[in-house]
file query_36.pdb (PDB, C-alpha atoms and all ligand atoms)
ATOM      1  CA  MET A  20     -17.103 -17.250  -9.607  1.00  0.00           C
ATOM      2  CA  ARG A  21     -14.723 -14.529 -10.737  1.00  0.00           C
ATOM      3  CA  LYS A  22     -15.604 -10.923  -9.921  1.00  0.00           C
ATOM      4  CA  ASP A  23     -13.875  -8.035 -11.694  1.00  0.00           C
ATOM      5  CA  PHE A  24     -12.295  -5.318  -9.595  1.00  0.00           C
ATOM      6  CA  THR A  25     -13.068  -1.669 -10.267  1.00  0.00           C
ATOM      7  CA  PRO A  26     -10.592   1.106  -9.410  1.00  0.00           C
ATOM      8  CA  GLU A  27     -11.241   3.172  -6.293  1.00  0.00           C
ATOM      9  CA  PRO A  28     -11.766   6.783  -7.448  1.00  0.00           C
ATOM     10  CA  LEU A  29      -9.004   9.323  -6.919  1.00  0.00           C
ATOM     11  CA  LYS A  30      -9.940  11.779  -4.161  1.00  0.00           C
ATOM     12  CA  VAL A  31      -7.268  14.411  -4.892  1.00  0.00           C
ATOM     13  CA  PHE A  32      -8.225  17.220  -7.288  1.00  0.00           C
ATOM     14  CA  LYS A  33      -5.566  19.851  -6.635  1.00  0.00           C
ATOM     15  CA  ASP A  34      -1.889  20.164  -5.821  1.00  0.00           C
ATOM     16  CA  LEU A  35      -1.078  18.993  -2.316  1.00  0.00           C
ATOM     17  CA  ASP A  36       1.400  20.704  -0.024  1.00  0.00           C
ATOM     18  CA  GLY A  37       4.550  19.390  -1.708  1.00  0.00           C
ATOM     19  CA  ILE A  38       3.078  16.901  -4.200  1.00  0.00           C
ATOM     20  CA  SER A  39       1.752  18.102  -7.560  1.00  0.00           C
ATOM     21  CA  LEU A  40      -1.595  16.962  -8.939  1.00  0.00           C
ATOM     22  CA  LYS A  41       0.186  16.086 -12.196  1.00  0.00           C
ATOM     23  CA  LEU A  42       2.374  13.585 -10.365  1.00  0.00           C
ATOM     24  CA  ILE A  43      -0.581  12.118  -8.464  1.00  0.00           C
ATOM     25  CA  GLU A  44      -2.665  11.756 -11.653  1.00  0.00           C
ATOM     26  CA  ASN A  45       0.207  10.013 -13.429  1.00  0.00           C
ATOM     27  CA  HIS A  46       0.743   7.739 -10.450  1.00  0.00           C
ATOM     28  CA  TYR A  47      -2.976   6.926 -10.310  1.00  0.00           C
ATOM     29  CA  LYS A  48      -2.801   5.697 -13.929  1.00  0.00           C
ATOM     30  CA  LEU A  49      -0.297   3.044 -12.805  1.00  0.00           C
ATOM     31  CA  TYR A  50      -2.782   1.945 -10.134  1.00  0.00           C
ATOM     32  CA  GLU A  51      -5.579   1.688 -12.721  1.00  0.00           C
ATOM     33  CA  GLY A  52      -3.219  -0.491 -14.749  1.00  0.00           C
ATOM     34  CA  TYR A  53      -2.809  -2.923 -11.835  1.00  0.00           C
ATOM     35  CA  VAL A  54      -6.588  -3.230 -11.478  1.00  0.00           C
ATOM     36  CA  LYS A  55      -6.977  -3.847 -15.230  1.00  0.00           C
ATOM     37  CA  LYS A  56      -4.196  -6.421 -15.334  1.00  0.00           C
ATOM     38  CA  THR A  57      -5.521  -8.189 -12.210  1.00  0.00           C
ATOM     39  CA  ASN A  58      -8.868  -8.651 -13.983  1.00  0.00           C
ATOM     40  CA  GLU A  59      -7.142  -9.780 -17.181  1.00  0.00           C
ATOM     41  CA  ILE A  60      -4.949 -12.318 -15.367  1.00  0.00           C
ATOM     42  CA  GLN A  61      -7.852 -13.738 -13.392  1.00  0.00           C
ATOM     43  CA  MET A  62      -9.921 -14.070 -16.578  1.00  0.00           C
ATOM     44  CA  LYS A  63      -7.063 -15.825 -18.395  1.00  0.00           C
ATOM     45  CA  LEU A  64      -6.543 -18.187 -15.454  1.00  0.00           C
ATOM     46  CA  GLU A  65     -10.079 -19.503 -15.980  1.00  0.00           C
ATOM     47  CA  ASN A  66      -9.197 -20.947 -19.369  1.00  0.00           C
ATOM     48  CA  VAL A  67      -5.485 -21.681 -19.068  1.00  0.00           C
ATOM     49  CA  ASP A  68      -4.238 -25.230 -19.686  1.00  0.00           C
ATOM     50  CA  LYS A  69      -3.373 -26.463 -16.176  1.00  0.00           C
ATOM     51  CA  ALA A  70      -1.860 -29.672 -17.580  1.00  0.00           C
ATOM     52  CA  GLU A  71       1.005 -27.542 -18.967  1.00  0.00           C
ATOM     53  CA  ALA A  72       2.092 -26.391 -15.477  1.00  0.00           C
ATOM     54  CA  ASN A  73       5.862 -26.564 -15.256  1.00  0.00           C
ATOM     55  CA  PRO A  74       8.370 -25.139 -12.755  1.00  0.00           C
ATOM     56  CA  SER A  75      10.640 -23.721 -15.517  1.00  0.00           C
ATOM     57  CA  PHE A  76       8.006 -22.103 -17.711  1.00  0.00           C
ATOM     58  CA  SER A  77       4.325 -22.405 -18.333  1.00  0.00           C
ATOM     59  CA  LEU A  78       1.554 -19.945 -19.069  1.00  0.00           C
ATOM     60  CA  VAL A  79      -0.307 -20.914 -15.889  1.00  0.00           C
ATOM     61  CA  GLY A  80       2.921 -20.419 -13.894  1.00  0.00           C
ATOM     62  CA  GLU A  81       3.511 -16.978 -15.393  1.00  0.00           C
ATOM     63  CA  LEU A  82      -0.095 -15.922 -14.760  1.00  0.00           C
ATOM     64  CA  LYS A  83       0.141 -17.116 -11.140  1.00  0.00           C
ATOM     65  CA  ARG A  84       3.472 -15.293 -10.721  1.00  0.00           C
ATOM     66  CA  GLN A  85       2.172 -11.978 -12.074  1.00  0.00           C
ATOM     67  CA  GLU A  86      -1.151 -12.296 -10.233  1.00  0.00           C
ATOM     68  CA  THR A  87       0.565 -11.716  -6.881  1.00  0.00           C
ATOM     69  CA  PHE A  88       2.330  -8.695  -8.407  1.00  0.00           C
ATOM     70  CA  THR A  89      -0.803  -7.014  -9.742  1.00  0.00           C
ATOM     71  CA  VAL A  90      -3.055  -7.913  -6.778  1.00  0.00           C
ATOM     72  CA  ASN A  91      -0.570  -6.510  -4.265  1.00  0.00           C
ATOM     73  CA  GLY A  92       0.081  -3.513  -6.543  1.00  0.00           C
ATOM     74  CA  MET A  93      -3.656  -2.836  -6.548  1.00  0.00           C
ATOM     75  CA  LYS A  94      -4.203  -3.277  -2.798  1.00  0.00           C
ATOM     76  CA  LEU A  95      -1.158  -1.280  -1.655  1.00  0.00           C
ATOM     77  CA  HIS A  96      -2.007   1.663  -3.935  1.00  0.00           C
ATOM     78  CA  GLU A  97      -5.592   1.655  -2.637  1.00  0.00           C
ATOM     79  CA  VAL A  98      -4.329   2.359   0.889  1.00  0.00           C
ATOM     80  CA  TYR A  99      -1.696   4.828  -0.366  1.00  0.00           C
ATOM     81  CA  PHE A 100      -4.182   6.887  -2.400  1.00  0.00           C
ATOM     82  CA  GLY A 101      -6.850   6.398   0.269  1.00  0.00           C
ATOM     83  CA  HIS A 102      -4.859   8.334   2.851  1.00  0.00           C
ATOM     84  CA  LEU A 103      -3.235  10.808   0.478  1.00  0.00           C
ATOM     85  CA  GLY A 104      -4.592  14.325   0.842  1.00  0.00           C
ATOM     86  CA  GLY A 105      -5.161  14.647   4.599  1.00  0.00           C
ATOM     87  CA  ASP A 106      -3.925  17.266   7.059  1.00  0.00           C
ATOM     88  CA  GLY A 107      -1.144  15.088   8.506  1.00  0.00           C
ATOM     89  CA  LYS A 108      -2.444  15.416  12.074  1.00  0.00           C
ATOM     90  CA  PRO A 109      -2.160  12.090  13.917  1.00  0.00           C
ATOM     91  CA  SER A 110      -5.518  11.132  15.442  1.00  0.00           C
ATOM     92  CA  GLY A 111      -7.736   8.284  16.517  1.00  0.00           C
ATOM     93  CA  GLU A 112      -7.144   4.917  18.118  1.00  0.00           C
ATOM     94  CA  LEU A 113      -4.289   4.149  15.767  1.00  0.00           C
ATOM     95  CA  VAL A 114      -2.127   6.695  17.597  1.00  0.00           C
ATOM     96  CA  GLN A 115      -2.489   4.818  20.893  1.00  0.00           C
ATOM     97  CA  MET A 116      -1.794   1.509  19.152  1.00  0.00           C
ATOM     98  CA  ILE A 117       1.382   2.931  17.609  1.00  0.00           C
ATOM     99  CA  GLU A 118       2.500   4.386  20.939  1.00  0.00           C
ATOM    100  CA  LYS A 119       2.029   1.004  22.583  1.00  0.00           C
ATOM    101  CA  ASP A 120       4.044  -0.870  19.971  1.00  0.00           C
ATOM    102  CA  PHE A 121       6.729   1.708  19.129  1.00  0.00           C
ATOM    103  CA  ALA A 122       7.023   3.652  22.446  1.00  0.00           C
ATOM    104  CA  THR A 123       6.277   7.047  20.873  1.00  0.00           C
ATOM    105  CA  LEU A 124       4.832   8.369  17.632  1.00  0.00           C
ATOM    106  CA  GLN A 125       8.229   9.888  16.890  1.00  0.00           C
ATOM    107  CA  ASP A 126       9.967   6.510  17.344  1.00  0.00           C
ATOM    108  CA  TRP A 127       7.472   4.939  14.953  1.00  0.00           C
ATOM    109  CA  LYS A 128       8.033   7.688  12.390  1.00  0.00           C
ATOM    110  CA  LEU A 129      11.824   7.337  12.618  1.00  0.00           C
ATOM    111  CA  ASP A 130      11.486   3.620  11.951  1.00  0.00           C
ATOM    112  CA  MET A 131       8.982   4.167   9.128  1.00  0.00           C
ATOM    113  CA  VAL A 132      11.281   6.731   7.459  1.00  0.00           C
ATOM    114  CA  ALA A 133      14.250   4.354   7.756  1.00  0.00           C
ATOM    115  CA  THR A 134      12.130   1.554   6.278  1.00  0.00           C
ATOM    116  CA  GLY A 135      11.111   3.820   3.397  1.00  0.00           C
ATOM    117  CA  ILE A 136      14.699   4.891   2.694  1.00  0.00           C
ATOM    118  CA  ALA A 137      15.972   1.313   2.831  1.00  0.00           C
ATOM    119  CA  ALA A 138      13.178  -0.412   0.893  1.00  0.00           C
ATOM    120  CA  ARG A 139      12.987  -0.460  -2.895  1.00  0.00           C
ATOM    121  CA  GLY A 140       9.202  -0.411  -3.139  1.00  0.00           C
ATOM    122  CA  TRP A 141       7.145   0.044  -0.025  1.00  0.00           C
ATOM    123  CA  ALA A 142       7.185   0.831   3.678  1.00  0.00           C
ATOM    124  CA  VAL A 143       4.065  -0.569   5.280  1.00  0.00           C
ATOM    125  CA  LEU A 144       2.695  -0.106   8.775  1.00  0.00           C
ATOM    126  CA  ALA A 145       0.818  -3.385   9.115  1.00  0.00           C
ATOM    127  CA  PHE A 146      -1.140  -5.094  11.847  1.00  0.00           C
ATOM    128  CA  ASP A 147       0.142  -8.655  12.019  1.00  0.00           C
ATOM    129  CA  TYR A 148      -2.302 -11.235  13.361  1.00  0.00           C
ATOM    130  CA  ARG A 149       0.564 -13.526  14.386  1.00  0.00           C
ATOM    131  CA  ASP A 150       1.489 -11.381  17.388  1.00  0.00           C
ATOM    132  CA  SER A 151      -1.463  -8.956  17.317  1.00  0.00           C
ATOM    133  CA  ARG A 152       0.700  -5.878  17.031  1.00  0.00           C
ATOM    134  CA  LEU A 153       1.878  -3.318  14.498  1.00  0.00           C
ATOM    135  CA  HIS A 154       5.067  -3.649  12.451  1.00  0.00           C
ATOM    136  CA  ASN A 155       6.786  -1.480   9.855  1.00  0.00           C
ATOM    137  CA  TYR A 156       7.512  -3.933   7.064  1.00  0.00           C
ATOM    138  CA  GLY A 157       9.711  -3.033   4.091  1.00  0.00           C
ATOM    139  CA  SER A 158       9.083  -4.493   0.672  1.00  0.00           C
ATOM    140  CA  ASP A 159      11.301  -4.494  -2.433  1.00  0.00           C
ATOM    141  CA  GLY A 160       8.470  -5.151  -4.874  1.00  0.00           C
ATOM    142  CA  HIS A 161       4.706  -5.634  -4.850  1.00  0.00           C
ATOM    143  CA  ASN A 162       5.185  -9.386  -4.428  1.00  0.00           C
ATOM    144  CA  VAL A 163       8.563  -9.321  -2.696  1.00  0.00           C
ATOM    145  CA  GLY A 164       8.513  -9.012   1.073  1.00  0.00           C
ATOM    146  CA  ALA A 165       4.737  -9.127   1.408  1.00  0.00           C
ATOM    147  CA  VAL A 166       3.769 -10.611   4.779  1.00  0.00           C
ATOM    148  CA  TRP A 167       0.777 -12.937   4.896  1.00  0.00           C
ATOM    149  CA  GLY A 168      -1.810 -12.516   7.599  1.00  0.00           C
ATOM    150  CA  ALA A 169      -1.044  -8.842   8.096  1.00  0.00           C
ATOM    151  CA  VAL A 170      -3.286  -5.855   7.298  1.00  0.00           C
ATOM    152  CA  PRO A 171      -1.669  -2.744   5.745  1.00  0.00           C
ATOM    153  CA  VAL A 172      -2.794   0.337   7.695  1.00  0.00           C
ATOM    154  CA  ILE A 173      -0.397   3.039   6.469  1.00  0.00           C
ATOM    155  CA  VAL A 174       1.329   2.476   3.128  1.00  0.00           C
ATOM    156  CA  LEU A 175       4.229   4.571   1.859  1.00  0.00           C
ATOM    157  CA  ASP A 176       5.112   4.138  -1.821  1.00  0.00           C
ATOM    158  CA  VAL A 177       8.849   4.709  -2.299  1.00  0.00           C
ATOM    159  CA  TYR A 178       9.144   3.762  -5.960  1.00  0.00           C
ATOM    160  CA  GLU A 179      10.699   6.614  -7.960  1.00  0.00           C
ATOM    161  CA  HIS A 180       7.414   7.085  -9.839  1.00  0.00           C
ATOM    162  CA  ALA A 181       5.850   8.250  -6.541  1.00  0.00           C
ATOM    163  CA  TYR A 182       8.140  11.291  -6.243  1.00  0.00           C
ATOM    164  CA  ALA A 183      10.760  11.747  -9.007  1.00  0.00           C
ATOM    165  CA  MET A 184       8.615  14.189 -11.047  1.00  0.00           C
ATOM    166  CA  ASP A 185       8.579  16.620  -8.082  1.00  0.00           C
ATOM    167  CA  TYR A 186      11.662  15.640  -6.086  1.00  0.00           C
ATOM    168  CA  GLY A 187      14.200  14.104  -8.463  1.00  0.00           C
ATOM    169  CA  VAL A 188      16.147  11.604  -6.379  1.00  0.00           C
ATOM    170  CA  ASP A 189      15.407  13.329  -3.041  1.00  0.00           C
ATOM    171  CA  ARG A 190      13.364  10.534  -1.506  1.00  0.00           C
ATOM    172  CA  LYS A 191      13.844  11.828   2.037  1.00  0.00           C
ATOM    173  CA  SER A 192      12.050  15.129   1.342  1.00  0.00           C
ATOM    174  CA  TYR A 193       9.224  13.245  -0.398  1.00  0.00           C
ATOM    175  CA  ILE A 194       8.793  11.013   2.651  1.00  0.00           C
ATOM    176  CA  GLU A 195       8.518  14.103   4.898  1.00  0.00           C
ATOM    177  CA  THR A 196       5.852  15.451   2.525  1.00  0.00           C
ATOM    178  CA  PHE A 197       4.032  12.120   2.636  1.00  0.00           C
ATOM    179  CA  PHE A 198       3.544  12.459   6.405  1.00  0.00           C
ATOM    180  CA  LYS A 199       2.387  16.077   6.017  1.00  0.00           C
ATOM    181  CA  ASN A 200      -0.426  14.951   3.704  1.00  0.00           C
ATOM    182  CA  LEU A 201      -1.434  11.797   5.519  1.00  0.00           C
ATOM    183  CA  ASP A 202      -5.143  11.349   6.274  1.00  0.00           C
ATOM    184  CA  TRP A 203      -5.184   9.600   9.649  1.00  0.00           C
ATOM    185  CA  HIS A 204      -8.979   9.290   9.510  1.00  0.00           C
ATOM    186  CA  PHE A 205      -8.618   6.896   6.563  1.00  0.00           C
ATOM    187  CA  ALA A 206      -6.019   4.808   8.416  1.00  0.00           C
ATOM    188  CA  ASN A 207      -8.333   4.660  11.433  1.00  0.00           C
ATOM    189  CA  ARG A 208     -11.159   3.478   9.198  1.00  0.00           C
ATOM    190  CA  ILE A 209      -9.003   0.464   8.293  1.00  0.00           C
ATOM    191  CA  VAL A 210      -8.398  -0.176  12.011  1.00  0.00           C
ATOM    192  CA  ASN A 211     -12.145  -0.076  12.632  1.00  0.00           C
ATOM    193  CA  TYR A 212     -13.124  -2.080   9.549  1.00  0.00           C
ATOM    194  CA  TYR A 213     -10.885  -4.991  10.577  1.00  0.00           C
ATOM    195  CA  GLU A 214     -11.518  -4.374  14.306  1.00  0.00           C
ATOM    196  CA  LEU A 215      -7.767  -4.304  14.841  1.00  0.00           C
ATOM    197  CA  ASN A 216      -8.201  -2.320  18.039  1.00  0.00           C
ATOM    198  CA  LYS A 217     -10.046  -5.295  19.573  1.00  0.00           C
ATOM    199  CA  ARG A 218      -7.334  -7.760  18.576  1.00  0.00           C
ATOM    200  CA  HIS A 219      -4.445  -5.506  19.532  1.00  0.00           C
ATOM    201  CA  ALA A 220      -2.241  -7.226  22.145  1.00  0.00           C
ATOM    202  CA  ALA A 221      -3.147  -6.167  25.675  1.00  0.00           C
TER     203      ALA A 221
HETATM  204 FE    FE B 301       3.184   3.455  -6.960  1.00  0.00          FE
END
call {"tool": "encode", "arguments": {"input": "query_36.pdb", "output": "structure tokens", "more": "lines below"}}
Ligand code: FE
result
Amino acid sequence: MRKDFTPEPLKVFKDLDGISLKLIENHYKLYEGYVKKTNEIQMKLENVDKAEANPSFSLVGELKRQETFTVNGMKLHEVYFGHLGGDGKPSGELVQMIEKDFATLQDWKLDMVATGIAARGWAVLAFDYRDSRLHNYGSDGHNVGAVWGAVPVIVLDVYEHAYAMDYGVDRKSYIETFFKNLDWHFANRIVNYYELNKRHAA
């Protein structure tokens, strides 16, 4: 049985250090749009004519294609907004996990920044169940470069809409600001929720 998604509430109510509330509120509207469209697509899939499925074009094919776009758009923004508005101080078990998999926190950050500069959509610190360790995965679109069987723990949105209002084309400065406002407690809650610390490779 289908269950509609409801948007997670925005937790930011004032300008952050380097990111304006106006930008964040505009960005949040895009997220609400992904939730709305996910519900709409899943409702339409219930009644679509499956006999018309066709690899060139069909309504069911288009709905299935856009479903992965809106579902990933929804989920990735929920982590992004979830850890937006913190004090930027690395803490919790996630720090030790990162140090184990990337040598140092600084090495991880260098790789994450490079991923964010190089990607066209997202840089994602994800725990991959295949090798039970953390990876920085880059993604060129919500449904391009998504890795199955991996849990996003820290999600950096590098689409222009995430920074252009405040930073123009200066993505690098925005990424620095992202780390300054990162809520590590939220990221650690994801680690605990999925018990990633227990699965982390010894
Ligand atoms: Fe975004």
call {"tool": "resolve_selection", "arguments": {"input": "query_36.pdb", "expression": "the PyMOL selection byres (((chain A and resi 201) around 9) and not hetatm)", "output": "compact mmCIF listing (two decimals) with C-alpha atoms, in the frame of the given file"}}
result
# COMPACT_ATOMS: atom_id res chain seq x y z
CA HIS A 102 -4.86 8.33 2.85
CA LEU A 103 -3.24 10.81 0.48
CA GLY A 104 -4.59 14.32 0.84
CA GLY A 105 -5.16 14.65 4.60
CA ASP A 106 -3.92 17.27 7.06
CA GLY A 107 -1.14 15.09 8.51
CA LYS A 108 -2.44 15.42 12.07
CA PRO A 109 -2.16 12.09 13.92
CA ILE A 173 -0.40 3.04 6.47
CA THR A 196 5.85 15.45 2.52
CA PHE A 197 4.03 12.12 2.64
CA PHE A 198 3.54 12.46 6.40
CA LYS A 199 2.39 16.08 6.02
CA ASN A 200 -0.43 14.95 3.70
CA ASP A 202 -5.14 11.35 6.27
CA TRP A 203 -5.18 9.60 9.65
CA HIS A 204 -8.98 9.29 9.51
CA PHE A 205 -8.62 6.90 6.56
CA ALA A 206 -6.02 4.81 8.42
call {"tool": "residues_near_ligand", "arguments": {"input": "query_36.pdb", "ligand": "ligand FE 301 (chain B)", "cutoff": "8 Å", "atoms": "all atoms listed in the file", "output": "list in words"}}
result
His46, Tyr47, Leu49, Tyr50, Gly92, His96, Asp176, Val177, Tyr178, His180 and Ala181 of chain A
call {"tool": "closest_residue", "arguments": {"input": "query_36.pdb", "among": "A:Val166, A:Met116, A:Met184, A:Ile60", "to": "Leu40 of chain A", "atoms": "only C-alpha atoms"}}
result
A:Met184
call {"tool": "residues_around", "arguments": {"input": "query_36.pdb", "residues": "Leu175 of chain A", "least_positions_apart": "5", "cutoff": "7 Å", "atoms": "all atoms listed in the file", "output": "list in words"}}
result
Tyr99, Trp141, Ala142 and Val143 of chain A
call {"tool": "closest_atom_pairs", "arguments": {"input": "query_36.pdb", "of": "segment 54-150 of chain A", "to": "segment 160-163 of chain A", "cutoff": "6 Å", "atoms": "all atoms listed in the file", "output": "tab-separated table"}}
result
residue	atom	partner	partner_atom	distance
A:Thr87	CA	A:Asn162	CA	5.7
A:Phe88	CA	A:Asn162	CA	4.9
A:Asn91	CA	A:His161	CA	5.4
A:Gly92	CA	A:His161	CA	5.4
A:Gly140	CA	A:Gly160	CA	5.1
call {"tool": "closest_residue", "arguments": {"input": "query_36.pdb", "among": "A:Gln61, A:Ser110, A:Gln115, A:Asn73", "to": "Val90 of chain A", "atoms": "all atoms listed in the file"}}
result
A:Gln61
call {"tool": "resolve_selection", "arguments": {"input": "query_36.pdb", "expression": "the PyMOL selection byres (((chain A and resi 209) around 12) and not hetatm)", "output": "ChimeraX atom specification"}}
result
/A:97-98,101-102,111-113,144-146,170-174,202-208,210-216
call {"tool": "write_last_selection", "arguments": {"input": "query_36.pdb", "atoms": "C-alpha atoms", "output": "mmCIF file, keeping the file's coordinate frame"}}
result
data_model
loop_
_atom_site.group_PDB
_atom_site.id
_atom_site.type_symbol
_atom_site.label_atom_id
_atom_site.label_comp_id
_atom_site.auth_asym_id
_atom_site.auth_seq_id
_atom_site.Cartn_x
_atom_site.Cartn_y
_atom_site.Cartn_z
ATOM 1 C CA GLU A 97 -5.592 1.655 -2.637
ATOM 2 C CA VAL A 98 -4.329 2.359 0.889
ATOM 3 C CA GLY A 101 -6.850 6.398 0.269
ATOM 4 C CA HIS A 102 -4.859 8.334 2.851
ATOM 5 C CA GLY A 111 -7.736 8.284 16.517
ATOM 6 C CA GLU A 112 -7.144 4.917 18.118
ATOM 7 C CA LEU A 113 -4.289 4.149 15.767
ATOM 8 C CA LEU A 144 2.695 -0.106 8.775
ATOM 9 C CA ALA A 145 0.818 -3.385 9.115
ATOM 10 C CA PHE A 146 -1.140 -5.094 11.847
ATOM 11 C CA VAL A 170 -3.286 -5.855 7.298
ATOM 12 C CA PRO A 171 -1.669 -2.744 5.745
ATOM 13 C CA VAL A 172 -2.794 0.337 7.695
ATOM 14 C CA ILE A 173 -0.397 3.039 6.469
ATOM 15 C CA VAL A 174 1.329 2.476 3.128
ATOM 16 C CA ASP A 202 -5.143 11.349 6.274
ATOM 17 C CA TRP A 203 -5.184 9.600 9.649
ATOM 18 C CA HIS A 204 -8.979 9.290 9.510
ATOM 19 C CA PHE A 205 -8.618 6.896 6.563
ATOM 20 C CA ALA A 206 -6.019 4.808 8.416
ATOM 21 C CA ASN A 207 -8.333 4.660 11.433
ATOM 22 C CA ARG A 208 -11.159 3.478 9.198
ATOM 23 C CA VAL A 210 -8.398 -0.176 12.011
ATOM 24 C CA ASN A 211 -12.145 -0.076 12.632
ATOM 25 C CA TYR A 212 -13.124 -2.080 9.549
ATOM 26 C CA TYR A 213 -10.885 -4.991 10.577
ATOM 27 C CA GLU A 214 -11.518 -4.374 14.306
ATOM 28 C CA LEU A 215 -7.767 -4.304 14.841
ATOM 29 C CA ASN A 216 -8.201 -2.320 18.039
#
call {"tool": "atom_distance", "arguments": {"input": "query_36.pdb", "atom1": "atom CA of Asp23 of chain A", "atom2": "atom CA of Lys63 of chain A"}}
result
12.3 Å
call {"tool": "resolve_selection", "arguments": {"input": "query_36.pdb", "expression": "the PyMOL selection byres (((chain A and resi 149) around 10) and not hetatm)", "output": "list of chain:residue names"}}
result
A:Phe146, A:Asp147, A:Tyr148, A:Asp150, A:Ser151, A:Arg152, A:Trp167, A:Gly168, A:Ala169
call {"tool": "atom_distance", "arguments": {"input": "query_36.pdb", "atom1": "atom CA of Ser39 of chain A", "atom2": "atom CA of Glu51 of chain A"}}
result
18.7 Å
call {"tool": "decode", "arguments": {"input": "query_36.pdb", "residues": "segment 166-180 of chain A", "atoms": "N, CA and C atoms", "output": "PDB file, in the first residue's frame"}}
result
ATOM      1  N   VAL A 166      24.816   5.190  -5.607  1.00  0.00           N
ATOM      2  CA  VAL A 166      25.361   3.855  -5.353  1.00  0.00           C
ATOM      3  C   VAL A 166      24.376   3.081  -4.480  1.00  0.00           C
ATOM      4  N   TRP A 167      23.987   1.933  -4.944  1.00  0.00           N
ATOM      5  CA  TRP A 167      23.015   1.104  -4.208  1.00  0.00           C
ATOM      6  C   TRP A 167      23.694   0.400  -3.043  1.00  0.00           C
ATOM      7  N   GLY A 168      22.951   0.243  -1.985  1.00  0.00           N
ATOM      8  CA  GLY A 168      23.483  -0.457  -0.814  1.00  0.00           C
ATOM      9  C   GLY A 168      24.459   0.382  -0.019  1.00  0.00           C
ATOM     10  N   ALA A 169      24.330   1.696  -0.131  1.00  0.00           N
ATOM     11  CA  ALA A 169      25.196   2.599   0.622  1.00  0.00           C
ATOM     12  C   ALA A 169      24.321   3.648   1.314  1.00  0.00           C
ATOM     13  N   VAL A 170      24.680   4.005   2.545  1.00  0.00           N
ATOM     14  CA  VAL A 170      23.893   4.957   3.329  1.00  0.00           C
ATOM     15  C   VAL A 170      24.575   6.324   3.331  1.00  0.00           C
ATOM     16  N   PRO A 171      23.897   7.381   2.844  1.00  0.00           N
ATOM     17  CA  PRO A 171      24.493   8.719   2.893  1.00  0.00           C
ATOM     18  C   PRO A 171      24.578   9.229   4.334  1.00  0.00           C
ATOM     19  N   VAL A 172      25.744   9.660   4.751  1.00  0.00           N
ATOM     20  CA  VAL A 172      25.950  10.120   6.130  1.00  0.00           C
ATOM     21  C   VAL A 172      26.188  11.633   6.171  1.00  0.00           C
ATOM     22  N   ILE A 173      27.008  12.128   5.240  1.00  0.00           N
ATOM     23  CA  ILE A 173      27.188  13.571   5.078  1.00  0.00           C
ATOM     24  C   ILE A 173      26.969  13.877   3.594  1.00  0.00           C
ATOM     25  N   VAL A 174      26.080  14.833   3.328  1.00  0.00           N
ATOM     26  CA  VAL A 174      25.672  15.106   1.947  1.00  0.00           C
ATOM     27  C   VAL A 174      25.896  16.581   1.619  1.00  0.00           C
ATOM     28  N   LEU A 175      26.730  16.823   0.644  1.00  0.00           N
ATOM     29  CA  LEU A 175      27.053  18.187   0.212  1.00  0.00           C
ATOM     30  C   LEU A 175      26.402  18.449  -1.144  1.00  0.00           C
ATOM     31  N   ASP A 176      25.478  19.392  -1.162  1.00  0.00           N
ATOM     32  CA  ASP A 176      24.784  19.788  -2.396  1.00  0.00           C
ATOM     33  C   ASP A 176      25.671  20.796  -3.128  1.00  0.00           C
ATOM     34  N   VAL A 177      26.081  20.465  -4.354  1.00  0.00           N
ATOM     35  CA  VAL A 177      26.920  21.408  -5.104  1.00  0.00           C
ATOM     36  C   VAL A 177      26.229  21.948  -6.364  1.00  0.00           C
ATOM     37  N   TYR A 178      24.923  21.745  -6.454  1.00  0.00           N
ATOM     38  CA  TYR A 178      24.176  22.422  -7.517  1.00  0.00           C
ATOM     39  C   TYR A 178      24.277  23.942  -7.288  1.00  0.00           C
ATOM     40  N   GLU A 179      24.256  24.693  -8.372  1.00  0.00           N
ATOM     41  CA  GLU A 179      24.345  26.163  -8.244  1.00  0.00           C
ATOM     42  C   GLU A 179      23.263  26.731  -7.317  1.00  0.00           C
ATOM     43  N   HIS A 180      22.076  26.098  -7.317  1.00  0.00           N
ATOM     44  CA  HIS A 180      20.994  26.654  -6.490  1.00  0.00           C
ATOM     45  C   HIS A 180      21.346  26.625  -4.996  1.00  0.00           C
TER      46      HIS A 180
END
